[in-house]
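Next up, input_2.pdb (PDB, C-alpha atoms and all ligand atoms):
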ATOM      1  CA  MET A   1       0.000   0.000   0.000
ATOM      2  CA  LYS A   2       1.210   3.504  -0.841
ATOM      3  CA  ASN A   3       2.060   5.766   2.086
ATOM      4  CA  LYS A   4       0.708   9.290   2.474
ATOM      5  CA  LYS A   5       3.744  10.967   0.906
ATOM      6  CA  ASP A   6       3.544   8.715  -2.177
ATOM      7  CA  MET A   7      -0.143   9.530  -2.613
ATOM      8  CA  PHE A   8       0.614  13.235  -2.311
ATOM      9  CA  ASP A   9       3.310  12.922  -4.982
ATOM     10  CA  VAL A  10       0.910  11.100  -7.321
ATOM     11  CA  ASP A  11      -1.705  13.830  -6.839
ATOM     12  CA  LEU A  12       0.842  16.552  -7.436
ATOM     13  CA  THR A  13       2.051  14.843 -10.608
ATOM     14  CA  LYS A  14      -1.512  14.557 -11.868
ATOM     15  CA  LEU A  15      -2.222  18.212 -11.111
ATOM     16  CA  THR A  16       0.996  19.316 -12.802
ATOM     17  CA  HIS A  17       0.184  17.247 -15.878
ATOM     18  CA  SER A  18      -3.289  18.597 -16.313
ATOM     19  CA  PHE A  19      -2.011  22.140 -15.777
ATOM     20  CA  GLN A  20       0.710  21.629 -18.386
ATOM     21  CA  ASP A  21      -1.836  20.130 -20.790
ATOM     22  CA  ALA A  22      -4.045  23.179 -20.380
ATOM     23  CA  CYS A  23      -1.027  25.443 -20.951
ATOM     24  CA  ALA A  24      -0.594  23.926 -24.395
ATOM     25  CA  ASP A  25      -3.157  26.595 -25.254
ATOM     26  CA  LYS A  26      -0.921  29.653 -25.422
ATOM     27  CA  ASP A  27      -3.727  32.068 -24.678
ATOM     28  CA  PHE A  28      -4.650  30.151 -21.532
ATOM     29  CA  LYS A  29      -0.998  30.155 -20.509
ATOM     30  CA  ASP A  30      -0.728  33.923 -20.996
ATOM     31  CA  PHE A  31      -3.943  34.349 -19.019
ATOM     32  CA  VAL A  32      -2.826  32.346 -15.968
ATOM     33  CA  TYR A  33       0.747  33.623 -15.872
ATOM     34  CA  GLY A  34      -0.642  37.120 -16.238
ATOM     35  CA  LEU A  35      -2.311  36.661 -12.847
ATOM     36  CA  ASN A  36       1.119  36.812 -11.155
ATOM     37  CA  ILE A  37       0.455  33.797  -8.977
ATOM     38  CA  LYS A  38       3.077  31.113  -8.293
ATOM     39  CA  GLU A  39       2.811  28.030 -10.495
ATOM     40  CA  GLU A  40       2.671  25.644  -7.505
ATOM     41  CA  ILE A  41      -0.602  27.357  -6.527
ATOM     42  CA  LEU A  42      -1.996  27.726 -10.045
ATOM     43  CA  ILE A  43      -1.777  23.988 -10.687
ATOM     44  CA  LYS A  44      -4.369  23.266  -7.994
ATOM     45  CA  TYR A  45      -7.029  25.248  -9.816
ATOM     46  CA  THR A  46      -6.620  24.268 -13.479
ATOM     47  CA  SER A  47     -10.228  23.459 -14.185
ATOM     48  CA  SER A  48     -11.668  26.583 -12.497
ATOM     49  CA  LEU A  49      -9.013  28.713 -14.197
ATOM     50  CA  GLN A  50     -10.106  27.250 -17.527
ATOM     51  CA  ASP A  51     -13.693  28.279 -16.750
ATOM     52  CA  ALA A  52     -12.529  31.789 -15.846
ATOM     53  CA  PHE A  53     -10.409  31.961 -19.001
ATOM     54  CA  LEU A  54     -13.400  30.964 -21.118
ATOM     55  CA  GLU A  55     -15.599  33.641 -19.551
ATOM     56  CA  CYS A  56     -12.829  36.226 -19.912
ATOM     57  CA  ASN A  57     -12.678  35.429 -23.635
ATOM     58  CA  ASN A  58     -16.463  35.675 -23.925
ATOM     59  CA  CYS A  59     -16.194  39.167 -22.476
ATOM     60  CA  LYS A  60     -13.426  40.144 -24.909
ATOM     61  CA  ASN A  61     -15.762  39.227 -27.784
ATOM     62  CA  CYS A  62     -18.822  40.772 -26.130
ATOM     63  CA  LYS A  63     -21.591  41.926 -28.462
ATOM     64  CA  GLY A  64     -23.985  42.974 -25.706
ATOM     65  CA  LEU A  65     -25.902  41.496 -22.784
ATOM     66  CA  SER A  66     -28.511  39.835 -24.979
ATOM     67  CA  THR A  67     -25.885  37.488 -26.437
ATOM     68  CA  CYS A  68     -23.805  37.064 -23.255
ATOM     69  CA  LYS A  69     -22.362  33.523 -23.211
ATOM     70  CA  ASN A  70     -21.299  33.489 -19.571
ATOM     71  CA  LYS A  71     -22.982  31.196 -17.067
ATOM     72  CA  ILE A  72     -24.605  34.165 -15.358
ATOM     73  CA  THR A  73     -25.561  36.841 -17.858
ATOM     74  CA  GLY A  74     -23.684  40.067 -17.190
ATOM     75  CA  TYR A  75     -21.221  38.468 -14.780
ATOM     76  CA  LYS A  76     -17.683  37.156 -15.270
ATOM     77  CA  TYR A  77     -16.233  34.213 -13.332
ATOM     78  CA  THR A  78     -13.049  35.742 -11.955
ATOM     79  CA  PRO A  79     -10.098  34.442  -9.898
ATOM     80  CA  VAL A  80      -9.166  36.321  -6.736
ATOM     81  CA  TYR A  81      -5.863  35.524  -5.042
ATOM     82  CA  GLU A  82      -5.482  35.964  -1.314
ATOM     83  CA  GLY A  83      -3.461  34.171   1.371
ATOM     84  CA  ASN A  84      -2.065  31.475  -0.957
ATOM     85  CA  ILE A  85      -5.579  30.533  -2.001
ATOM     86  CA  ILE A  86      -7.424  31.299  -5.214
ATOM     87  CA  SER A  87     -11.140  31.840  -4.840
ATOM     88  CA  PHE A  88     -13.550  32.618  -7.644
ATOM     89  CA  THR A  89     -16.218  35.295  -7.709
ATOM     90  CA  TYR A  90     -18.806  36.461 -10.208
ATOM     91  CA  ASP A  91     -17.927  40.040 -11.174
ATOM     92  CA  GLU A  92     -20.640  42.275 -12.593
ATOM     93  CA  CYS A  93     -19.650  43.688 -15.986
ATOM     94  CA  SER A  94     -20.017  47.361 -16.902
ATOM     95  CA  LYS A  95     -22.945  46.708 -19.252
ATOM     96  CA  GLU A  96     -24.880  44.843 -16.578
ATOM     97  CA  LYS A  97     -24.099  47.581 -14.057
ATOM     98  CA  LYS A  98     -25.483  50.213 -16.424
ATOM     99  CA  ARG A  99     -28.571  48.099 -17.135
ATOM    100  CA  ARG A 100     -29.200  47.608 -13.420
ATOM    101  CA  GLU A 101     -28.791  51.300 -12.636
ATOM    102  CA  ASN A 102     -31.129  52.271 -15.463
ATOM    103  CA  ASN A 103     -33.714  49.829 -14.125
ATOM    104  CA  SER A 104     -33.438  50.510 -10.420
ATOM    105  CA  TYR A 105     -36.404  52.890 -10.604
ATOM    106  CA  LYS A 106     -38.580  49.823 -11.207
ATOM    107  CA  ASP A 107     -38.269  48.961  -7.522
ATOM    108  CA  ASN A 108     -40.440  52.000  -6.831
ATOM    109  CA  LEU A 109     -43.417  50.293  -8.439
ATOM    110  CA  GLY A 110     -45.055  47.493  -6.470
ATOM    111  CA  LEU A 111     -47.350  44.943  -8.102
ATOM    112  CA  TYR A 112     -49.950  43.151  -6.031
ATOM    113  CA  GLU A 113     -51.275  40.094  -7.895
ATOM    114  CA  LEU A 114     -50.806  41.707 -11.312
ATOM    115  CA  PRO A 115     -48.571  40.583 -14.211
ATOM    116  CA  LYS A 116     -44.950  41.685 -14.014
ATOM    117  CA  GLU A 117     -45.087  42.917 -17.646
ATOM    118  CA  LEU A 118     -46.745  46.042 -16.241
ATOM    119  CA  LYS A 119     -43.301  47.118 -15.043
ATOM    120  CA  GLU A 120     -42.447  47.690 -18.705
ATOM    121  CA  ALA A 121     -45.474  49.900 -19.426
ATOM    122  CA  CYS A 122     -44.297  53.340 -20.513
ATOM    123  CA  PHE A 123     -45.573  56.522 -22.143
ATOM    124  CA  LYS A 124     -43.656  56.055 -25.339
ATOM    125  CA  ASP A 125     -45.430  52.724 -26.016
ATOM    126  CA  LEU A 126     -48.977  54.001 -25.488
ATOM    127  CA  TYR A 127     -51.193  53.496 -28.524
ATOM    128  CA  LYS A 128     -51.230  56.758 -30.454
ATOM    129  CA  ASP A 129     -53.942  55.664 -32.918
ATOM    130  CA  ASP A 130     -56.743  55.953 -30.387
ATOM    131  CA  LYS A 131     -58.455  59.305 -29.732
ATOM    132  CA  ALA A 132     -60.129  57.881 -26.620
ATOM    133  CA  ARG A 133     -56.757  58.034 -24.849
ATOM    134  CA  VAL A 134     -56.103  61.723 -25.479
ATOM    135  CA  PRO A 135     -57.955  63.190 -22.438
ATOM    136  CA  ILE A 136     -56.371  60.579 -20.184
ATOM    137  CA  ILE A 137     -52.846  61.294 -21.385
ATOM    138  CA  LYS A 138     -53.536  65.023 -21.092
ATOM    139  CA  TYR A 139     -54.550  64.516 -17.466
ATOM    140  CA  PHE A 140     -51.416  62.437 -16.843
ATOM    141  CA  LYS A 141     -49.261  65.403 -17.925
ATOM    142  CA  GLU A 142     -51.194  67.673 -15.585
ATOM    143  CA  PHE A 143     -50.832  65.135 -12.795
ATOM    144  CA  ILE A 144     -47.060  64.922 -13.228
ATOM    145  CA  ASP A 145     -46.678  68.716 -13.378
ATOM    146  CA  ASN A 146     -48.681  69.227 -10.190
ATOM    147  CA  TYR A 147     -47.527  66.252  -8.143
ATOM    148  CA  LYS A 148     -44.921  68.169  -6.189
ATOM    149  CA  LYS A 149     -47.323  70.950  -5.250
ATOM    150  CA  GLU A 150     -48.741  71.102  -1.740
ATOM    151  CA  ASP A 151     -52.237  70.261  -2.960
ATOM    152  CA  LYS A 152     -51.620  66.914  -4.583
ATOM    153  CA  PRO A 153     -53.579  66.353  -7.811
ATOM    154  CA  LYS A 154     -56.514  63.943  -7.790
ATOM    155  CA  GLY A 155     -56.246  60.398  -9.078
ATOM    156  CA  ILE A 156     -58.491  59.025 -11.817
ATOM    157  CA  TYR A 157     -61.557  56.837 -11.759
ATOM    158  CA  LEU A 158     -61.084  55.192 -15.137
ATOM    159  CA  ASN A 159     -63.985  53.131 -16.317
ATOM    160  CA  GLY A 160     -64.364  51.422 -19.632
ATOM    161  CA  SER A 161     -64.615  48.291 -21.630
ATOM    162  CA  PHE A 162     -62.765  45.058 -20.917
ATOM    163  CA  GLY A 163     -59.248  44.911 -22.387
ATOM    164  CA  SER A 164     -59.207  48.531 -23.542
ATOM    165  CA  GLY A 165     -55.863  49.149 -21.796
ATOM    166  CA  LYS A 166     -56.959  50.808 -18.540
ATOM    167  CA  THR A 167     -54.539  48.982 -16.272
ATOM    168  CA  TYR A 168     -51.692  49.437 -18.750
ATOM    169  CA  LEU A 169     -52.282  53.200 -18.886
ATOM    170  CA  ILE A 170     -52.135  53.693 -15.121
ATOM    171  CA  ALA A 171     -49.067  51.420 -14.939
ATOM    172  CA  ALA A 172     -47.383  53.639 -17.544
ATOM    173  CA  LEU A 173     -48.093  56.706 -15.404
ATOM    174  CA  PHE A 174     -46.784  55.036 -12.236
ATOM    175  CA  ASN A 175     -43.632  53.959 -14.088
ATOM    176  CA  GLU A 176     -43.000  57.539 -15.154
ATOM    177  CA  MET A 177     -43.502  58.615 -11.539
ATOM    178  CA  ALA A 178     -41.131  55.836 -10.441
ATOM    179  CA  LYS A 179     -38.418  57.344 -12.653
ATOM    180  CA  LYS A 180     -38.851  60.522 -10.616
ATOM    181  CA  GLY A 181     -38.379  58.503  -7.418
ATOM    182  CA  GLU A 182     -42.066  58.238  -6.460
ATOM    183  CA  LYS A 183     -43.267  54.976  -4.944
ATOM    184  CA  SER A 184     -46.517  53.335  -5.958
ATOM    185  CA  ILE A 185     -48.460  50.101  -5.872
ATOM    186  CA  LEU A 186     -50.848  48.571  -8.398
ATOM    187  CA  VAL A 187     -53.308  46.326  -6.583
ATOM    188  CA  TYR A 188     -55.627  43.806  -8.170
ATOM    189  CA  TYR A 189     -58.536  44.670  -5.914
ATOM    190  CA  PRO A 190     -60.619  41.445  -6.031
ATOM    191  CA  LYS A 191     -57.540  39.432  -5.057
ATOM    192  CA  LEU A 192     -56.618  41.876  -2.287
ATOM    193  CA  LEU A 193     -59.969  41.202  -0.656
ATOM    194  CA  ARG A 194     -59.546  37.436  -0.913
ATOM    195  CA  ASN A 195     -56.008  37.628   0.486
ATOM    196  CA  LEU A 196     -57.001  39.930   3.325
ATOM    197  CA  LYS A 197     -59.795  37.559   4.283
ATOM    198  CA  ALA A 198     -57.342  34.671   4.383
ATOM    199  CA  SER A 199     -54.777  36.642   6.364
ATOM    200  CA  PHE A 200     -56.769  37.320   9.555
ATOM    201  CA  GLY A 201     -54.425  36.759  12.479
ATOM    202  CA  ILE A 202     -51.420  36.313  10.178
ATOM    203  CA  ASP A 203     -50.301  39.453   8.374
ATOM    204  CA  TYR A 204     -53.564  41.298   7.858
ATOM    205  CA  ASP A 205     -52.232  44.615   9.187
ATOM    206  CA  GLU A 206     -49.103  44.568   7.018
ATOM    207  CA  GLN A 207     -51.076  43.918   3.842
ATOM    208  CA  TYR A 208     -53.762  46.421   4.708
ATOM    209  CA  GLU A 209     -51.273  49.187   5.553
ATOM    210  CA  LEU A 210     -49.201  48.533   2.451
ATOM    211  CA  VAL A 211     -52.236  49.466   0.404
ATOM    212  CA  GLU A 212     -53.684  52.149   2.666
ATOM    213  CA  ARG A 213     -50.419  54.108   2.905
ATOM    214  CA  ALA A 214     -48.906  53.733  -0.574
ATOM    215  CA  PRO A 215     -47.882  57.185  -1.880
ATOM    216  CA  LEU A 216     -49.636  56.349  -5.175
ATOM    217  CA  LEU A 217     -52.268  53.634  -5.338
ATOM    218  CA  LEU A 218     -54.241  51.915  -8.076
ATOM    219  CA  LEU A 219     -57.195  49.763  -7.024
ATOM    220  CA  ASP A 220     -57.532  47.778 -10.219
ATOM    221  CA  ASP A 221     -60.826  46.267 -11.367
ATOM    222  CA  ILE A 222     -63.000  47.550  -8.558
ATOM    223  CA  GLY A 223     -66.539  46.263  -8.954
ATOM    224  CA  ALA A 224     -65.397  42.853 -10.195
ATOM    225  CA  GLU A 225     -65.368  41.475  -6.649
ATOM    226  CA  ASN A 226     -68.220  39.988  -4.673
ATOM    227  CA  CYS A 227     -69.104  42.863  -2.394
ATOM    228  CA  SER A 228     -69.779  42.126   1.263
ATOM    229  CA  ASN A 229     -70.518  44.386   4.206
ATOM    230  CA  TRP A 230     -67.033  43.627   5.464
ATOM    231  CA  SER A 231     -65.215  44.484   2.207
ATOM    232  CA  ARG A 232     -67.196  47.693   1.764
ATOM    233  CA  ASP A 233     -67.327  48.953   5.363
ATOM    234  CA  GLU A 234     -64.148  47.528   6.932
ATOM    235  CA  VAL A 235     -61.741  47.604   3.999
ATOM    236  CA  LEU A 236     -62.646  49.937   1.142
ATOM    237  CA  GLY A 237     -64.308  52.661   3.234
ATOM    238  CA  PRO A 238     -61.465  53.101   5.754
ATOM    239  CA  ILE A 239     -58.764  52.892   3.049
ATOM    240  CA  LEU A 240     -60.425  55.679   1.087
ATOM    241  CA  GLN A 241     -61.020  57.729   4.242
ATOM    242  CA  TYR A 242     -57.348  57.480   5.218
ATOM    243  CA  ARG A 243     -56.187  58.427   1.732
ATOM    244  CA  MET A 244     -58.513  61.417   1.602
ATOM    245  CA  GLU A 245     -57.322  62.697   4.961
ATOM    246  CA  ASN A 246     -53.685  62.262   3.973
ATOM    247  CA  HIS A 247     -54.009  63.608   0.416
ATOM    248  CA  LEU A 248     -52.677  60.410  -1.142
ATOM    249  CA  PRO A 249     -53.464  60.177  -4.876
ATOM    250  CA  THR A 250     -55.689  57.196  -5.571
ATOM    251  CA  PHE A 251     -56.611  55.662  -8.907
ATOM    252  CA  PHE A 252     -59.288  53.143  -9.828
ATOM    253  CA  THR A 253     -60.008  51.118 -12.915
ATOM    254  CA  SER A 254     -63.346  49.462 -13.426
ATOM    255  CA  ASN A 255     -65.653  48.017 -16.016
ATOM    256  CA  LEU A 256     -68.444  49.838 -14.194
ATOM    257  CA  THR A 257     -69.420  53.502 -14.289
ATOM    258  CA  LEU A 258     -69.604  55.183 -10.894
ATOM    259  CA  SER A 259     -73.388  54.810 -10.771
ATOM    260  CA  GLU A 260     -73.136  51.118 -11.693
ATOM    261  CA  LEU A 261     -70.496  50.715  -8.985
ATOM    262  CA  GLU A 262     -72.810  52.414  -6.494
ATOM    263  CA  LYS A 263     -75.531  49.917  -7.288
ATOM    264  CA  SER A 264     -73.129  46.997  -6.995
ATOM    265  CA  LEU A 265     -71.789  48.257  -3.638
ATOM    266  CA  SER A 266     -75.276  48.669  -2.207
ATOM    267  CA  ILE A 267     -76.202  45.004  -2.600
ATOM    268  CA  THR A 268     -74.533  42.433  -0.377
ATOM    269  CA  SER A 269     -75.652  39.032   0.842
ATOM    270  CA  SER A 270     -76.802  40.799   4.040
ATOM    271  CA  GLY A 271     -79.242  43.035   2.193
ATOM    272  CA  VAL A 272     -79.377  46.447   0.549
ATOM    273  CA  ASP A 273     -77.663  49.500   2.035
ATOM    274  CA  LYS A 274     -77.816  52.481  -0.275
ATOM    275  CA  VAL A 275     -76.433  54.933   2.272
ATOM    276  CA  LYS A 276     -73.176  53.063   2.797
ATOM    277  CA  ALA A 277     -72.699  52.600  -0.935
ATOM    278  CA  ARG A 278     -73.305  56.322  -1.486
ATOM    279  CA  ARG A 279     -70.691  57.181   1.114
ATOM    280  CA  ILE A 280     -68.050  55.152  -0.755
ATOM    281  CA  ILE A 281     -68.965  56.819  -4.040
ATOM    282  CA  GLU A 282     -68.678  60.256  -2.425
ATOM    283  CA  ARG A 283     -65.166  59.409  -1.288
ATOM    284  CA  ILE A 284     -64.188  58.166  -4.749
ATOM    285  CA  LYS A 285     -65.549  61.404  -6.220
ATOM    286  CA  GLN A 286     -63.472  63.464  -3.814
ATOM    287  CA  LEU A 287     -60.352  61.466  -4.614
ATOM    288  CA  THR A 288     -60.606  61.380  -8.414
ATOM    289  CA  VAL A 289     -61.501  62.931 -11.705
ATOM    290  CA  GLN A 290     -63.687  60.564 -13.718
ATOM    291  CA  LEU A 291     -62.549  59.542 -17.181
ATOM    292  CA  GLU A 292     -63.646  56.869 -19.600
ATOM    293  CA  LEU A 293     -61.793  54.540 -21.923
ATOM    294  CA  VAL A 294     -64.069  52.720 -24.294
ATOM    295  CA  SER A 295     -61.912  51.155 -26.955
ATOM    296  CA  LYS A 296     -61.279  47.901 -28.756
ATOM    297  CA  ASN A 297     -60.203  44.882 -26.760
ATOM    298  CA  ARG A 298     -56.390  44.714 -26.947
ATOM    299  CA  ARG A 299     -56.244  41.242 -25.446
ATOM    300  CA  ASP A 300     -56.981  39.439 -28.722
TER     301      ASP A 300
HETATM  302  P1  LIG B 401     -57.962  46.603 -19.177
HETATM  303  O1  LIG B 401     -57.303  46.906 -17.884
HETATM  304  O2  LIG B 401     -58.701  47.792 -19.723
HETATM  305  O3  LIG B 401     -58.843  45.402 -19.142
HETATM  306  P2  LIG B 401     -55.273  46.059 -20.015
HETATM  307  O4  LIG B 401     -54.592  47.259 -19.498
HETATM  308  O5  LIG B 401     -55.105  44.794 -19.249
HETATM  309  O6  LIG B 401     -56.819  46.342 -20.248
HETATM  310  O7  LIG B 401     -54.800  45.870 -21.523
HETATM  311  C1  LIG B 401     -55.207  44.780 -22.320
HETATM  312  C2  LIG B 401     -54.001  44.166 -23.029
HETATM  313  O8  LIG B 401     -53.433  45.079 -23.939
HETATM  314  C3  LIG B 401     -52.897  43.788 -22.062
HETATM  315  O9  LIG B 401     -52.324  42.581 -22.484
HETATM  316  C4  LIG B 401     -51.926  44.940 -22.157
HETATM  317  O10 LIG B 401     -50.623  44.544 -21.846
HETATM  318  C5  LIG B 401     -52.079  45.342 -23.610
HETATM  319  N1  LIG B 401     -51.863  46.784 -23.797
HETATM  320  C6  LIG B 401     -52.701  47.761 -23.492
HETATM  321  N2  LIG B 401     -52.203  48.971 -23.842
HETATM  322  C7  LIG B 401     -50.984  48.704 -24.397
HETATM  323  C8  LIG B 401     -49.950  49.518 -24.994
HETATM  324  N3  LIG B 401     -50.067  50.833 -25.110
HETATM  325  N4  LIG B 401     -48.857  48.889 -25.454
HETATM  326  C9  LIG B 401     -48.730  47.573 -25.374
HETATM  327  N5  LIG B 401     -49.653  46.749 -24.841
HETATM  328  C10 LIG B 401     -50.763  47.306 -24.362
HETATM  329 MG    MG B 402     -57.409  45.840 -16.126
END
What's the structure tokens form of this structure?
Ligand code: ADP
Ligand code: MG
Amino acid sequence: MKNKKDMFDVDLTKLTHSFQDACADKDFKDFVYGLNIKEEILIKYTSSLQDAFLECNNCKNCKGLSTCKNKITGYKYTPVYEGNIISFTYDECSKEKKRRENNSYKDNLGLYELPKELKEACFKDLYKDDKARVPIIKYFKEFIDNYKKEDKPKGIYLNGSFGSGKTYLIAALFNEMAKKGEKSILVYYPKLLRNLKASFGIDYDEQYELVERAPLLLLDDIGAENCSNWSRDEVLGPILQYRMENHLPTFFTSNLTLSELEKSLSITSSGVDKVKARRIIERIKQLTVQLELVSKNRRD
């Protein structure tokens, strides 16, 4: 049986051989010797150094992030030498850094149960062929101009046909506001109610306050939920009250006009309560200007 020293020698010979084999590639050899690390250390890391060499070459021939060949797009596997040991890290490249910095505003926009594509909604992509959008876009400009004033501008109650682009439009506005550093949240309202109901005793307060206190809020698809006394009087009413008192711009999208919404809010499984429904509508009227978007269905 071989003793420990013999085994060590065999290992060392193997390592040296595979290192020398790899160095048959002159470019690899230049790469590793260029690191200014002693050969007796380099030989222990041949395979990782080959990976780093490959990624370094990919970067030399870089044609942009979309065709990045590295294992992690925008990052380069890089050797770091310290205390006689080589470790390997993933270094962010300059293109990825720029991309990340240009996108960091997107963190200002929160999505609650809505598709992440809405983060890409922007003014320059809004359909220009549709006259129905003109008053809405005009109001957006006014909103942006006046947002910093002491009296914050009102939000919008945007009603209209299914798939006309209501949610997309408000997302585009919130994204523009995000670029200016303003935080917002787009909330799919029917799902918020279901989640709140399920979160009693768990994280009800956190979820509720996230919505109630958002600097800019969209309650998306209001009127599509099954209204109950609880959702109207314990959730929607107090949220709107808080936002009115604190001058927090609030937006709504709905397939219903305000008077249709009033009707739908007055009927719950517990009976009919026109007064409470009216009170909600009054708050929405105080918080918003009412605009309409009836247009073709863009979902086809
Ligand atoms: P609504 O909220 O009125 O039901 P959406 O905002 O969901 O309608 O829009 C319907 C579909 O059309 C979505 O898939 C959305 O991404 C797309 N859409 C709407 N407006 C635009 C736009 N300006 N550019 C690209 N896609 C859009
Ligand atoms: Mg919608």
Smallest atom-to-atom distance to Met244 in chain A: which of A:Pro79, A:Gly271, A:Pro153, A:Gly223, using all atoms listed in the file?
->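 Of A:Pro79, A:Gly271, A:Pro153, A:Gly223, the one nearest Met244 in chain A is A:Pro153, counting all atoms listed in the file.
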Could you give me, as JSON, numbers by chain, every polymer residue with an atom at most 12 Å away from an atom of ligand MG 402 (chain B), counting all atoms listed in the file?
-> {"A": [113, 114, 115, 118, 158, 159, 160, 161, 162, 163, 164, 165, 166, 167, 168, 169, 170, 171, 186, 187, 188, 189, 190, 218, 219, 220, 221, 222, 223, 224, 252, 253, 254, 255, 256, 293, 297, 298, 299]}
If the PyMOL selection byres (((chain A and resi 276-280) around 10) and not hetatm) is run on the structure shown, which residues does it catch, given as an MDAnalysis selection string?
-> chainID A and resid 229 232:233 236:238 240:241 259 261:267 272:275 281:286
Assuming 5 Å of padding per side, give the centre and edge lengths of the axis-aligned box around every listed atom of ligand LIG 401 (chain B), in Å to one decimal and as lines of an AutoDock Vina configuration file.
center_x = -53.8
center_y = 46.7
center_z = -21.7
size_x = 20.1
size_y = 18.3
size_z = 17.6
May I have the residues within 7 Å of range 92-105 of chain A as number ranges by chain, using all atoms listed in the file and disregarding those fewer than 5 positions away in the same chain?
-> A: 65, 74-76, 178-179, 181
Pick the closest to Thr268 in chain A from A:Asn195, A:Ser18, A:Asn226, A:Ser87: which is it, counting all atoms listed in the file?
->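 So, comparing all the options, the nearest one is A:Asn226.
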12 Å contact set for Lys197 in chain A, all atoms listed in the file, chain neighbours under 2 positions out, as a ChimeraX atom specification = /A:190-195,199-205,207-208,228,230-231,234-235
Selected by the PyMOL selection byres (((chain A and resi 249) around 6) and not hetatm) in the shown coordinates: which residues, as a list in words?
->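 Those residues are Lys154, Gly155, Leu216, Leu248 and Thr250 of chain A.
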Rounded to one decimal place, report the CA of Lys183 in chain A-CA of Ala214 in chain A distance in Å.
->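 Separation between CA of Lys183 in chain A and CA of Ala214 in chain A: 7.2 Å.
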Residues near range 51-60 of chain A, cut-off 6 Å, all atoms listed in the file, skip fewer than 2 positions along chain, as a PyMOL selection string | chain A and resi 48-49+62+70+76-78
Going by the chain IDs and residue numbers used in this file, which residues fall under the PyMOL selection byres (((chain A and resi 32) around 12) and not hetatm)? Write them as a JSON list (two decimals) with C-alpha atoms, in the coordinates of the input.
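Ended up saving to out-v3.json:
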[["chain", "number", "residue", "atom", "x", "y", "z"],
["A", 19, "PHE", "CA", -2.01, 22.14, -15.78],
["A", 20, "GLN", "CA", 0.71, 21.63, -18.39],
["A", 22, "ALA", "CA", -4.04, 23.18, -20.38],
["A", 23, "CYS", "CA", -1.03, 25.44, -20.95],
["A", 25, "ASP", "CA", -3.16, 26.60, -25.25],
["A", 26, "LYS", "CA", -0.92, 29.65, -25.42],
["A", 27, "ASP", "CA", -3.73, 32.07, -24.68],
["A", 28, "PHE", "CA", -4.65, 30.15, -21.53],
["A", 29, "LYS", "CA", -1.00, 30.16, -20.51],
["A", 30, "ASP", "CA", -0.73, 33.92, -21.00],
["A", 31, "PHE", "CA", -3.94, 34.35, -19.02],
["A", 33, "TYR", "CA", 0.75, 33.62, -15.87],
["A", 34, "GLY", "CA", -0.64, 37.12, -16.24],
["A", 35, "LEU", "CA", -2.31, 36.66, -12.85],
["A", 36, "ASN", "CA", 1.12, 36.81, -11.16],
["A", 37, "ILE", "CA", 0.46, 33.80, -8.98],
["A", 38, "LYS", "CA", 3.08, 31.11, -8.29],
["A", 39, "GLU", "CA", 2.81, 28.03, -10.50],
["A", 41, "ILE", "CA", -0.60, 27.36, -6.53],
["A", 42, "LEU", "CA", -2.00, 27.73, -10.04],
["A", 43, "ILE", "CA", -1.78, 23.99, -10.69],
["A", 45, "TYR", "CA", -7.03, 25.25, -9.82],
["A", 46, "THR", "CA", -6.62, 24.27, -13.48],
["A", 47, "SER", "CA", -10.23, 23.46, -14.18],
["A", 48, "SER", "CA", -11.67, 26.58, -12.50],
["A", 49, "LEU", "CA", -9.01, 28.71, -14.20],
["A", 50, "GLN", "CA", -10.11, 27.25, -17.53],
["A", 51, "ASP", "CA", -13.69, 28.28, -16.75],
["A", 52, "ALA", "CA", -12.53, 31.79, -15.85],
["A", 53, "PHE", "CA", -10.41, 31.96, -19.00],
["A", 54, "LEU", "CA", -13.40, 30.96, -21.12],
["A", 56, "CYS", "CA", -12.83, 36.23, -19.91],
["A", 78, "THR", "CA", -13.05, 35.74, -11.96],
["A", 79, "PRO", "CA", -10.10, 34.44, -9.90],
["A", 80, "VAL", "CA", -9.17, 36.32, -6.74],
["A", 81, "TYR", "CA", -5.86, 35.52, -5.04],
["A", 86, "ILE", "CA", -7.42, 31.30, -5.21]]
Find, counting all atoms listed in the file, the residue in A:Leu217, A:Cys227, A:Ile136, A:Val294 that gets nearest to ligand LIG 401 (chain B).
->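 Counting all atoms listed in the file, the residue closest to ligand LIG 401 (chain B) is A:Val294.
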Interatomic distance (Å, one decimal) between CA of Lys116 in chain A and CA of Tyr90 in chain A |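 Answer for the CA of Lys116 in chain A to CA of Tyr90 in chain A separation: 26.9 Å.
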Rank nothing, just name the residue among A:Tyr139, A:Phe88, A:Tyr157, A:Tyr127 nearest to ligand LIG 401 (chain B), using all atoms listed in the file.
->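 The shortest atom-to-atom distance to ligand LIG 401 (chain B) comes from A:Tyr127.
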Restricting the calculation to only C-alpha atoms and all ligand atoms, which member of A:Met177, A:Pro215, A:Phe123, A:Thr13 is positioned closest to ligand LIG 401 (chain B)?
->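 Answer, going by the shortest atom-to-atom distance: A:Phe123.
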For CA of Asp130 in chain A and CA of Lys296 in chain A, determine how far apart the two atoms are, in Å to one decimal place.
->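 Taking CA of Asp130 in chain A as the start and CA of Lys296 in chain A as the end point, the length is 9.4 Å.
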Answer as a list in words, residues within 7 Å of (-53.7, 53.1, 0.5) using all atoms listed in the file |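 The residues near that point, listed by chain and number, are Glu209, Leu210, Val211, Glu212, Arg213, Ala214, Leu217, Ile239 and Arg243 of chain A.
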Residue nearest ligand LIG 401 (chain B) among A:Arg133, A:Lys138, A:Lys44, A:Lys149 (counting only C-alpha atoms and all ligand atoms) |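 Using only C-alpha atoms and all ligand atoms, ligand LIG 401 (chain B) sits closest to A:Arg133.
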